>>> print(open('input-v4.cif').read())   # mmCIF, C-alpha atoms
data_my_file
#
loop_
_atom_site.label_atom_id
_atom_site.label_comp_id
_atom_site.auth_asym_id
_atom_site.auth_seq_id
_atom_site.Cartn_x
_atom_site.Cartn_y
_atom_site.Cartn_z
CA MET A 268 -31.93 -49.88 -45.90
CA SER A 269 -31.17 -47.56 -42.92
CA ASP A 270 -29.82 -43.98 -42.53
CA GLU A 271 -26.35 -43.64 -40.99
CA GLN A 272 -26.56 -41.54 -37.80
CA SER A 273 -23.89 -38.81 -37.55
CA ALA A 274 -21.76 -38.39 -34.42
CA PRO A 275 -22.69 -35.50 -32.02
CA VAL A 276 -20.58 -32.35 -32.11
CA CYS A 277 -19.42 -30.07 -29.30
CA TYR A 278 -21.96 -27.35 -28.56
CA ARG A 279 -19.19 -24.76 -28.58
CA HIS A 280 -17.06 -26.13 -31.43
CA ARG A 281 -19.38 -27.32 -34.17
CA ASN A 282 -16.57 -28.82 -36.21
CA ARG A 283 -15.51 -31.28 -33.48
CA GLU A 284 -17.19 -34.63 -33.08
CA THR A 285 -17.38 -35.92 -29.53
CA TYR A 286 -19.06 -38.55 -27.38
CA LEU A 287 -18.38 -36.73 -24.09
CA ARG A 288 -21.39 -35.17 -22.40
CA CYS A 289 -21.91 -32.77 -19.48
CA VAL A 290 -23.22 -34.68 -16.48
CA ARG A 291 -25.52 -31.76 -15.57
CA CYS A 292 -27.11 -30.64 -18.83
CA ASP A 293 -26.16 -33.57 -21.13
CA LYS A 294 -24.79 -31.27 -23.83
CA PRO A 295 -21.95 -32.76 -25.93
CA ILE A 296 -18.55 -31.25 -25.08
CA CYS A 297 -15.13 -31.74 -26.63
CA ALA A 298 -11.92 -32.45 -24.75
CA ASP A 299 -10.98 -28.75 -24.72
CA CYS A 300 -14.30 -27.67 -23.18
CA ARG A 301 -14.72 -30.37 -20.57
CA ILE A 302 -14.09 -29.45 -16.92
CA ASP A 303 -13.39 -32.22 -14.45
CA ALA A 304 -16.09 -32.66 -11.81
CA PRO A 305 -16.28 -34.98 -8.79
CA VAL A 306 -18.20 -37.35 -11.10
CA GLY A 307 -17.69 -37.11 -14.86
CA PHE A 308 -17.27 -33.82 -16.71
CA GLN A 309 -19.14 -30.52 -16.82
CA CYS A 310 -19.47 -27.90 -19.54
CA PRO A 311 -18.25 -24.31 -19.01
CA ASP A 312 -21.82 -22.97 -18.85
CA CYS A 313 -22.83 -25.29 -15.99
CA VAL A 314 -19.64 -24.55 -14.05
CA ALA A 315 -20.22 -20.79 -14.41
CA ALA A 316 -23.83 -21.18 -13.28
CA GLY A 317 -22.71 -23.21 -10.27
CA ARG A 318 -20.23 -20.53 -9.24
CA ARG A 319 -22.91 -17.85 -9.39
CA LYS A 320 -25.20 -19.87 -7.13
CA GLU A 321 -22.47 -21.05 -4.78
CA ARG A 322 -22.33 -19.38 -1.38
CA ARG A 323 -18.83 -18.00 -1.02
CA ALA A 324 -16.91 -19.86 1.68
CA ARG A 325 -15.37 -17.72 4.39
CA SER A 326 -12.44 -18.11 6.73
CA ALA A 327 -12.72 -18.45 10.50
CA PHE A 328 -12.64 -14.65 10.77
CA GLY A 329 -15.06 -13.80 7.96
CA GLY A 330 -12.64 -13.30 5.08
CA ARG A 331 -13.22 -14.94 1.72
CA ALA A 332 -11.71 -18.40 1.45
CA ALA A 333 -10.68 -20.42 -1.60
CA THR A 334 -13.46 -21.16 -4.10
CA ALA A 335 -14.83 -24.63 -4.69
CA PHE A 336 -13.72 -24.97 -8.32
CA GLY A 337 -10.03 -24.52 -7.65
CA GLY A 338 -9.91 -20.73 -7.63
CA SER A 339 -8.42 -18.74 -4.80
CA SER A 340 -9.34 -15.59 -2.95
CA ALA A 341 -7.10 -12.54 -2.90
CA GLY A 342 -6.28 -13.38 0.71
CA SER A 343 -5.08 -16.90 -0.01
CA ALA A 344 -2.96 -15.52 -2.86
CA GLY A 345 -1.28 -13.00 -0.53
CA THR A 346 -2.29 -10.07 -2.72
CA VAL A 347 -2.11 -7.40 -0.01
CA THR A 348 1.16 -8.76 1.38
CA LYS A 349 2.74 -8.55 -2.08
CA THR A 350 1.28 -5.09 -2.63
CA MET A 351 2.66 -3.75 0.66
CA ILE A 352 6.09 -5.17 -0.16
CA GLY A 353 5.87 -3.56 -3.59
CA ILE A 354 4.99 -0.14 -2.15
CA ASN A 355 7.82 -0.30 0.40
CA VAL A 356 10.35 -1.28 -2.27
CA ALA A 357 9.07 1.42 -4.64
CA MET A 358 9.43 4.06 -1.92
CA PHE A 359 12.99 2.93 -1.25
CA VAL A 360 13.84 3.22 -4.95
CA LEU A 361 12.39 6.75 -4.87
CA THR A 362 14.55 7.44 -1.80
CA LEU A 363 17.62 6.43 -3.81
CA LEU A 364 16.61 8.73 -6.66
CA VAL A 365 16.31 11.64 -4.23
CA GLY A 366 19.21 10.87 -1.90
CA GLY A 367 21.66 9.00 -4.10
CA MET A 368 23.46 5.77 -3.27
CA SER A 369 24.31 7.03 0.21
CA ALA A 370 20.72 6.12 1.11
CA VAL A 371 21.59 2.42 0.68
CA GLY A 372 23.67 2.58 3.86
CA GLY A 373 20.98 4.37 5.83
CA ALA A 374 21.71 8.06 5.22
CA ARG A 375 18.81 10.39 5.86
CA THR A 376 17.59 12.06 2.69
CA GLU A 377 15.32 14.95 1.84
CA LEU A 378 12.55 12.43 1.21
CA HIS A 379 12.86 11.27 4.81
CA ASN A 380 12.49 14.89 5.89
CA ALA A 381 9.35 15.10 3.75
CA LEU A 382 7.61 11.85 4.72
CA ALA A 383 9.10 10.43 7.93
CA GLN A 384 7.44 10.82 11.33
CA ALA A 385 8.59 14.15 12.76
CA SER A 386 6.80 16.43 15.21
CA ILE A 387 8.95 19.56 14.86
CA PHE A 388 12.27 20.45 13.28
CA VAL A 389 15.40 21.53 15.16
CA TYR A 390 17.93 23.78 13.46
CA GLN A 391 21.54 24.02 14.50
CA GLY A 392 21.71 26.23 17.55
CA GLY A 393 18.57 24.78 19.10
CA PHE A 394 16.02 26.80 17.13
CA TYR A 395 12.69 24.94 16.87
CA SER A 396 10.49 25.26 13.80
CA THR A 397 6.96 24.11 13.09
CA HIS A 398 7.91 23.30 9.49
CA ILE A 399 10.73 21.36 7.88
CA PRO A 400 12.56 22.74 4.83
CA VAL A 401 12.79 20.05 2.14
CA GLU A 402 14.56 20.33 -1.21
CA LEU A 403 13.12 17.93 -3.79
CA PHE A 404 14.40 17.94 -7.38
CA GLY A 405 15.67 21.50 -7.15
CA THR A 406 12.63 23.02 -5.41
CA VAL A 407 12.52 23.88 -1.70
CA TYR A 408 9.28 23.11 0.13
CA ASP A 409 8.37 24.13 3.67
CA LEU A 410 6.51 21.06 4.95
CA PRO A 411 4.74 20.84 8.31
CA GLY A 412 5.67 18.48 11.10
CA VAL A 413 2.97 16.36 12.72
CA ALA A 414 2.33 18.98 15.40
CA SER A 415 1.69 21.72 12.84
CA GLY A 416 -0.63 20.00 10.37
CA GLY A 417 1.54 17.22 8.94
CA GLU A 418 -0.46 14.31 10.33
CA TYR A 419 0.04 12.51 7.01
CA ARG A 420 3.53 11.66 8.27
CA LEU A 421 2.07 9.16 10.74
CA LEU A 422 1.12 6.99 7.75
CA THR A 423 3.73 7.84 5.10
CA SER A 424 6.56 7.15 7.54
CA THR A 425 5.51 3.48 7.67
CA PHE A 426 6.58 3.07 4.03
CA MET A 427 9.98 4.75 4.42
CA HIS A 428 13.23 2.97 5.41
CA TYR A 429 16.75 3.92 6.43
CA GLY A 430 18.94 1.79 4.22
CA ALA A 431 18.76 -1.49 2.32
CA ILE A 432 19.30 -3.69 5.38
CA HIS A 433 16.44 -1.99 7.24
CA LEU A 434 14.17 -2.59 4.25
CA LEU A 435 15.30 -6.18 3.68
CA MET A 436 14.78 -7.28 7.27
CA ASN A 437 11.30 -5.81 7.43
CA MET A 438 10.21 -7.22 4.07
CA VAL A 439 11.43 -10.74 4.89
CA VAL A 440 9.37 -10.81 8.09
CA LEU A 441 6.39 -9.26 6.28
CA TRP A 442 6.59 -12.00 3.64
CA ILE A 443 6.71 -14.73 6.31
CA LEU A 444 3.93 -13.44 8.57
CA GLY A 445 1.79 -11.63 6.03
CA ARG A 446 0.90 -14.59 3.83
CA VAL A 447 -0.23 -16.67 6.82
CA LEU A 448 -2.28 -13.92 8.41
CA GLU A 449 -3.80 -12.69 5.15
CA LYS A 450 -5.00 -16.21 4.37
CA ASP A 451 -6.62 -16.44 7.82
CA LEU A 452 -8.26 -13.01 7.78
CA GLY A 453 -8.92 -12.25 4.14
CA SER A 454 -7.43 -9.31 2.28
CA LEU A 455 -9.52 -6.44 3.67
CA ARG A 456 -9.14 -7.38 7.33
CA PHE A 457 -5.44 -8.03 6.85
CA LEU A 458 -4.98 -4.62 5.21
CA ALA A 459 -6.81 -2.99 8.13
CA VAL A 460 -4.57 -4.77 10.65
CA TYR A 461 -1.42 -3.76 8.76
CA LEU A 462 -2.33 -0.08 8.46
CA ILE A 463 -3.69 0.25 12.00
CA SER A 464 -0.58 -1.38 13.44
CA GLY A 465 1.70 0.88 11.43
CA LEU A 466 -0.24 3.94 12.59
CA ALA A 467 -0.11 2.69 16.19
CA GLY A 468 3.68 2.57 15.99
CA SER A 469 3.83 6.12 14.62
CA VAL A 470 1.36 7.46 17.20
CA ALA A 471 3.31 5.81 20.04
CA THR A 472 6.49 7.52 18.81
CA TYR A 473 4.61 10.82 18.60
CA LEU A 474 3.37 10.34 22.15
CA PHE A 475 6.47 9.13 23.94
CA ALA A 476 9.59 9.97 21.90
CA ALA A 477 11.29 13.36 21.93
CA PRO A 478 9.42 15.82 19.65
CA GLU A 479 12.46 16.35 17.44
CA THR A 480 12.74 12.61 16.69
CA ILE A 481 12.53 11.68 13.01
CA SER A 482 11.60 8.03 12.53
CA ALA A 483 10.50 5.75 9.70
CA GLY A 484 9.98 2.10 8.83
CA ALA A 485 7.41 -0.67 8.48
CA SER A 486 8.49 -2.22 11.78
CA GLY A 487 5.44 -0.97 13.68
CA ALA A 488 3.14 -2.67 11.18
CA ILE A 489 5.19 -5.86 11.30
CA TYR A 490 5.21 -5.99 15.09
CA GLY A 491 1.46 -5.54 14.84
CA LEU A 492 1.29 -8.66 12.67
CA PHE A 493 3.12 -10.52 15.43
CA GLY A 494 0.52 -9.44 17.97
CA THR A 495 -2.46 -10.22 15.78
CA LEU A 496 -1.13 -13.59 14.63
CA ILE A 497 -0.48 -14.69 18.22
CA LEU A 498 -4.13 -14.08 19.14
CA VAL A 499 -5.38 -15.57 15.87
CA ASN A 500 -3.34 -18.71 16.52
CA ARG A 501 -4.74 -18.96 20.03
CA ARG A 502 -8.27 -18.59 18.64
CA LEU A 503 -7.58 -21.40 16.16
CA SER A 504 -5.83 -23.58 18.79
CA ARG A 505 -2.48 -23.46 16.99
CA ASP A 506 0.91 -23.81 18.66
CA ASN A 507 2.43 -20.37 19.27
CA THR A 508 5.85 -21.55 20.47
CA GLY A 509 7.65 -20.50 17.29
CA MET A 510 5.91 -17.13 17.30
CA TYR A 511 6.94 -16.41 20.89
CA ILE A 512 10.57 -17.27 20.11
CA LEU A 513 10.64 -15.12 16.96
CA LEU A 514 8.95 -12.20 18.70
CA GLY A 515 11.30 -12.53 21.68
CA LEU A 516 14.37 -12.38 19.46
CA ASN A 517 13.04 -9.30 17.71
CA LEU A 518 12.31 -7.59 21.03
CA VAL A 519 15.86 -8.33 22.24
CA MET A 520 17.23 -6.64 19.10
CA THR A 521 14.85 -3.72 19.63
CA PHE A 522 16.31 -2.95 23.06
CA ALA A 523 19.91 -4.03 22.37
CA LEU A 524 20.71 -2.31 19.07
CA PRO A 525 21.18 1.46 18.81
CA GLY A 526 19.07 3.63 16.54
CA ILE A 527 15.93 1.47 16.74
CA SER A 528 12.59 3.04 17.59
CA ILE A 529 11.48 1.25 20.75
CA THR A 530 8.27 3.26 20.87
CA GLY A 531 7.48 2.42 17.25
CA HIS A 532 7.98 -1.31 17.75
CA LEU A 533 6.07 -1.54 21.02
CA GLY A 534 3.31 0.74 19.76
CA GLY A 535 2.84 -1.42 16.68
CA LEU A 536 2.76 -4.55 18.85
CA VAL A 537 0.06 -3.06 21.07
CA GLY A 538 -1.93 -1.99 18.00
CA GLY A 539 -1.70 -5.51 16.59
CA LEU A 540 -2.78 -7.05 19.89
CA LEU A 541 -5.82 -4.76 19.98
CA CYS A 542 -6.72 -5.75 16.42
CA GLY A 543 -6.19 -9.40 17.29
CA ALA A 544 -8.48 -9.06 20.30
CA VAL A 545 -11.20 -7.57 18.10
CA LEU A 546 -10.85 -10.46 15.64
CA ALA A 547 -10.50 -13.28 18.15
CA PHE A 548 -13.12 -12.36 20.75
CA THR A 549 -15.94 -11.01 18.58
CA PRO A 550 -19.02 -13.31 18.53
CA ARG A 551 -19.13 -15.22 15.25
CA GLU A 552 -22.72 -14.20 14.49
CA GLN A 553 -21.88 -10.48 14.63
CA ARG A 554 -18.30 -10.46 13.40
CA ARG A 555 -18.95 -8.92 9.97
CA VAL A 556 -20.06 -5.68 11.64
CA LEU A 557 -18.22 -5.74 14.96
CA HIS A 558 -14.79 -6.32 13.40
CA TRP A 559 -15.03 -3.00 11.58
CA VAL A 560 -16.60 -1.27 14.57
CA GLY A 561 -13.65 -2.47 16.65
CA PHE A 562 -11.11 -1.26 14.09
CA ALA A 563 -12.87 2.11 13.94
CA ALA A 564 -12.72 2.38 17.74
CA ILE A 565 -8.95 1.76 17.70
CA LEU A 566 -8.53 4.45 15.03
CA ALA A 567 -10.67 6.86 17.05
CA LEU A 568 -8.48 6.26 20.11
CA MET A 569 -5.34 7.01 18.09
CA VAL A 570 -6.88 10.21 16.71
CA ALA A 571 -7.78 11.35 20.22
CA LEU A 572 -4.28 10.64 21.52
CA THR A 573 -2.71 12.46 18.56
CA VAL A 574 -4.87 15.53 19.14
CA TRP A 575 -3.98 15.52 22.84
CA ARG A 576 -0.26 15.21 22.13
CA THR A 577 -0.39 18.02 19.58
CA GLY A 578 -1.91 20.28 22.22
CA VAL A 579 0.91 19.42 24.62
CA ILE A 580 3.63 20.11 22.04
CA VAL A 581 1.99 23.37 20.92
CA SER A 582 1.87 24.54 24.53
CA GLU A 583 5.40 23.40 25.35
CA PHE A 584 7.15 24.89 22.33
CA GLY A 585 4.89 27.87 21.74
CA ILE A 586 3.79 26.75 18.29
CA THR A 587 1.13 28.96 16.76
#
>>> encode(input="input-v4.cif", output="structure tokens")
Amino acid sequence: MSDEQSAPVCYRHRNRETYLRCVRCDKPICADCRIDAPVGFQCPDCVAAGRRKERRARSAFGGRAATAFGGSSAGSAGTVTKTMIGINVAMFVLTLLVGGMSAVGGARTELHNALAQASIFVYQGGFYSTHIPVELFGTVYDLPGVASGGEYRLLTSTFMHYGAIHLLMNMVVLWILGRVLEKDLGSLRFLAVYLISGLAGSVATYLFAAPETISAGASGAIYGLFGTLILVNRRLSRDNTGMYILLGLNLVMTFALPGISITGHLGGLVGGLLCGAVLAFTPREQRRVLHWVGFAAILALMVALTVWRTGVIVSEFGIT
């Protein structure tokens, strides 16, 4: 006479009999708990322990790459690209709420006066003012231009657009370029490139355009992505033919079509090329520090140029 041996049960579901076992710890696991491994199956506890011990893979430029167990980094998912598109679209919806449907066709609204890049304000009759009167939801605000303390405009203007077509064209190119570059760089480096390039476009307009110019758009940031991606592709030995053609077509439109900020586009391109140079030519062993040192140096240069230009405008127009 012999005792009948009962079947093993899953260590997580005690009411389920199973003959599957984890290849690492040999614990019984049911079909719902098993996780496919290169050989056999693993239990959730062993997979979690492996992830904690695993050294996170990084991209060619130091960003976090996809994980070994099928997960993905924020960069490979295009998280920042999607977020930037979301912010730009949200700002355009707010523009419509402030300016009405006329803003769809590109009309300038009070929100543009509040957030677009503008050094000084010109009243009818040629009177220059250091501040810009803005009426928002029934209240009038006297907001400074860049030259009189409104430096925030150099950044906020990169999320404003004149009309639906302006927004659509920029967001399509951002979607195409952003996902590729964000996957290569990782989310944080990509975000730095995007913001620095956008600021470079605004600073270039502040430096070289007429002081009374009011400009807005994500084009500077997007041209910066062109510049950075060209150098990244060269670093990774990729073919840049398509990039050169696409950039060339965009530059032709920049110079051929009226109402486009040439300074903003070219400034963003230069900013992106500088960021790309920092990423592509930094020694691999020191990149985790030198990338951010390089980005900080570019920002410091833009701050210095902005301060210098403000001094020139203050002197020229007698701003106090």
>>> closest_atom_pairs(input="input-v4.cif", of="segment 401-507 of chain A", to="segment 345-353 of chain A", cutoff="8 Å", atoms="all atoms listed in the file", output="Markdown table")
| residue | atom | partner | partner_atom | distance |
| --- | --- | --- | --- | --- |
| A:Met438 | CA | A:Ile352 | CA | 6.3 |
| A:Leu441 | CA | A:Thr348 | CA | 7.2 |
| A:Trp442 | CA | A:Thr348 | CA | 6.7 |
| A:Gly445 | CA | A:Thr348 | CA | 5.5 |
| A:Arg446 | CA | A:Gly345 | CA | 5.1 |
| A:Glu449 | CA | A:Gly345 | CA | 6.2 |
| A:Lys450 | CA | A:Gly345 | CA | 6.9 |
| A:Ser454 | CA | A:Val347 | CA | 6.1 |
| A:Phe457 | CA | A:Val347 | CA | 7.7 |
| A:Leu458 | CA | A:Val347 | CA | 6.6 |
>>> atom_distance(input="input-v4.cif", atom1="atom CA of Val360 of chain A", atom2="atom CA of Met436 of chain A")
16.1 Å
>>> closest_residue(input="input-v4.cif", among="A:Pro305, A:Pro550, A:Gly585, A:Gly430", to="Val371 of chain A", atoms="all atoms listed in the file")
A:Gly430
>>> residues_around(input="input-v4.cif", residues="Leu421 of chain A", least_positions_apart="2", cutoff="12 Å", atoms="all atoms listed in the file", output="PyMOL selection string")
chain A and resi 381-386+412-414+416-419+423-427+462-474+481-485+487-488+531+569-570+573
>>> resolve_selection(input="input-v4.cif", expression="the PyMOL selection byres ((chain A and resi 275-280) around 12)", output="list in words")
Gln272, Ser273, Ala274, Arg281, Asn282, Arg283, Glu284, Thr285, Tyr286, Leu287, Arg288, Cys289, Cys292, Asp293, Lys294, Pro295, Ile296, Cys297, Ala298, Asp299, Cys300, Arg301, Cys310, Pro311 and Asp312 of chain A
>>> residues_around(input="input-v4.cif", residues="Gly539 of chain A", least_positions_apart="3", cutoff="12 Å", atoms="only C-alpha atoms", output="PyMOL selection string")
chain A and resi 448+457-468+486-499+532-536+542-547+562+565
>>> write_last_selection(input="input-v4.cif", atoms="C-alpha atoms", output="short mmCIF file (atom, residue, chain, number, x, y, z; two decimals), in the frame of the given file")
data_model
loop_
_atom_site.label_atom_id
_atom_site.label_comp_id
_atom_site.auth_asym_id
_atom_site.auth_seq_id
_atom_site.Cartn_x
_atom_site.Cartn_y
_atom_site.Cartn_z
CA LEU A 448 -2.28 -13.92 8.41
CA PHE A 457 -5.44 -8.03 6.85
CA LEU A 458 -4.98 -4.62 5.21
CA ALA A 459 -6.81 -2.99 8.13
CA VAL A 460 -4.57 -4.77 10.65
CA TYR A 461 -1.42 -3.76 8.76
CA LEU A 462 -2.33 -0.08 8.46
CA ILE A 463 -3.69 0.25 12.00
CA SER A 464 -0.58 -1.38 13.44
CA GLY A 465 1.70 0.88 11.43
CA LEU A 466 -0.24 3.94 12.59
CA ALA A 467 -0.11 2.69 16.19
CA GLY A 468 3.68 2.57 15.99
CA SER A 486 8.49 -2.22 11.78
CA GLY A 487 5.44 -0.97 13.68
CA ALA A 488 3.14 -2.67 11.18
CA ILE A 489 5.19 -5.86 11.30
CA TYR A 490 5.21 -5.99 15.09
CA GLY A 491 1.46 -5.54 14.84
CA LEU A 492 1.29 -8.66 12.67
CA PHE A 493 3.12 -10.52 15.43
CA GLY A 494 0.52 -9.44 17.97
CA THR A 495 -2.46 -10.22 15.78
CA LEU A 496 -1.13 -13.59 14.63
CA ILE A 497 -0.48 -14.69 18.22
CA LEU A 498 -4.13 -14.08 19.14
CA VAL A 499 -5.38 -15.57 15.87
CA HIS A 532 7.98 -1.31 17.75
CA LEU A 533 6.07 -1.54 21.02
CA GLY A 534 3.31 0.74 19.76
CA GLY A 535 2.84 -1.42 16.68
CA LEU A 536 2.76 -4.55 18.85
CA CYS A 542 -6.72 -5.75 16.42
CA GLY A 543 -6.19 -9.40 17.29
CA ALA A 544 -8.48 -9.06 20.30
CA VAL A 545 -11.20 -7.57 18.10
CA LEU A 546 -10.85 -10.46 15.64
CA ALA A 547 -10.50 -13.28 18.15
CA PHE A 562 -11.11 -1.26 14.09
CA ILE A 565 -8.95 1.76 17.70
#
>>> decode(input="input-v4.cif", residues="segment 375-423 of chain A", atoms="C-alpha atoms", output="mmCIF file, in the first residue's frame")
data_model
loop_
_atom_site.group_PDB
_atom_site.id
_atom_site.type_symbol
_atom_site.label_atom_id
_atom_site.label_comp_id
_atom_site.auth_asym_id
_atom_site.auth_seq_id
_atom_site.Cartn_x
_atom_site.Cartn_y
_atom_site.Cartn_z
ATOM 1 C CA ARG A 375 -2.450 87.942 -33.871
ATOM 2 C CA THR A 376 -4.215 87.749 -30.535
ATOM 3 C CA GLU A 377 -3.724 89.255 -27.105
ATOM 4 C CA LEU A 378 -2.050 86.004 -26.056
ATOM 5 C CA HIS A 379 0.564 86.541 -28.748
ATOM 6 C CA ASN A 380 1.157 90.012 -27.324
ATOM 7 C CA ALA A 381 1.602 88.424 -23.897
ATOM 8 C CA LEU A 382 3.870 85.492 -24.769
ATOM 9 C CA ALA A 383 5.461 85.988 -28.203
ATOM 10 C CA GLN A 384 9.029 87.212 -28.671
ATOM 11 C CA ALA A 385 8.914 91.009 -28.630
ATOM 12 C CA SER A 386 11.625 93.462 -27.598
ATOM 13 C CA ILE A 387 9.563 96.660 -27.392
ATOM 14 C CA PHE A 388 6.091 97.761 -28.439
ATOM 15 C CA VAL A 389 5.292 100.367 -31.093
ATOM 16 C CA TYR A 390 2.088 102.366 -30.861
ATOM 17 C CA GLN A 391 0.461 104.047 -33.817
ATOM 18 C CA GLY A 392 2.337 107.240 -34.496
ATOM 19 C CA GLY A 393 5.736 105.696 -33.835
ATOM 20 C CA PHE A 394 5.692 105.910 -30.034
ATOM 21 C CA TYR A 395 7.916 103.227 -28.473
ATOM 22 C CA SER A 396 7.046 101.626 -25.154
ATOM 23 C CA THR A 397 8.978 99.312 -22.871
ATOM 24 C CA HIS A 398 5.779 97.429 -22.006
ATOM 25 C CA ILE A 399 2.974 95.914 -24.044
ATOM 26 C CA PRO A 400 -0.667 96.414 -23.025
ATOM 27 C CA VAL A 401 -2.485 93.060 -23.048
ATOM 28 C CA GLU A 402 -6.173 92.464 -22.366
ATOM 29 C CA LEU A 403 -6.839 88.924 -21.140
ATOM 30 C CA PHE A 404 -10.344 87.854 -20.111
ATOM 31 C CA GLY A 405 -11.463 91.407 -19.400
ATOM 32 C CA THR A 406 -8.364 92.539 -17.488
ATOM 33 C CA VAL A 407 -5.645 94.757 -18.974
ATOM 34 C CA TYR A 408 -2.055 93.886 -18.069
ATOM 35 C CA ASP A 409 1.048 95.938 -18.824
ATOM 36 C CA LEU A 410 3.601 93.245 -19.692
ATOM 37 C CA PRO A 411 7.293 93.901 -20.351
ATOM 38 C CA GLY A 412 9.054 93.245 -23.624
ATOM 39 C CA VAL A 413 12.300 91.278 -23.633
ATOM 40 C CA ALA A 414 14.378 94.447 -23.358
ATOM 41 C CA SER A 415 12.555 95.606 -20.224
ATOM 42 C CA GLY A 416 12.463 92.439 -18.125
ATOM 43 C CA GLY A 417 10.319 90.079 -20.209
ATOM 44 C CA GLU A 418 13.032 87.535 -20.961
ATOM 45 C CA TYR A 419 10.465 84.784 -20.404
ATOM 46 C CA ARG A 420 9.218 85.572 -23.919
ATOM 47 C CA LEU A 421 12.328 83.976 -25.416
ATOM 48 C CA LEU A 422 11.000 80.607 -24.213
ATOM 49 C CA THR A 423 7.209 81.033 -24.197
#
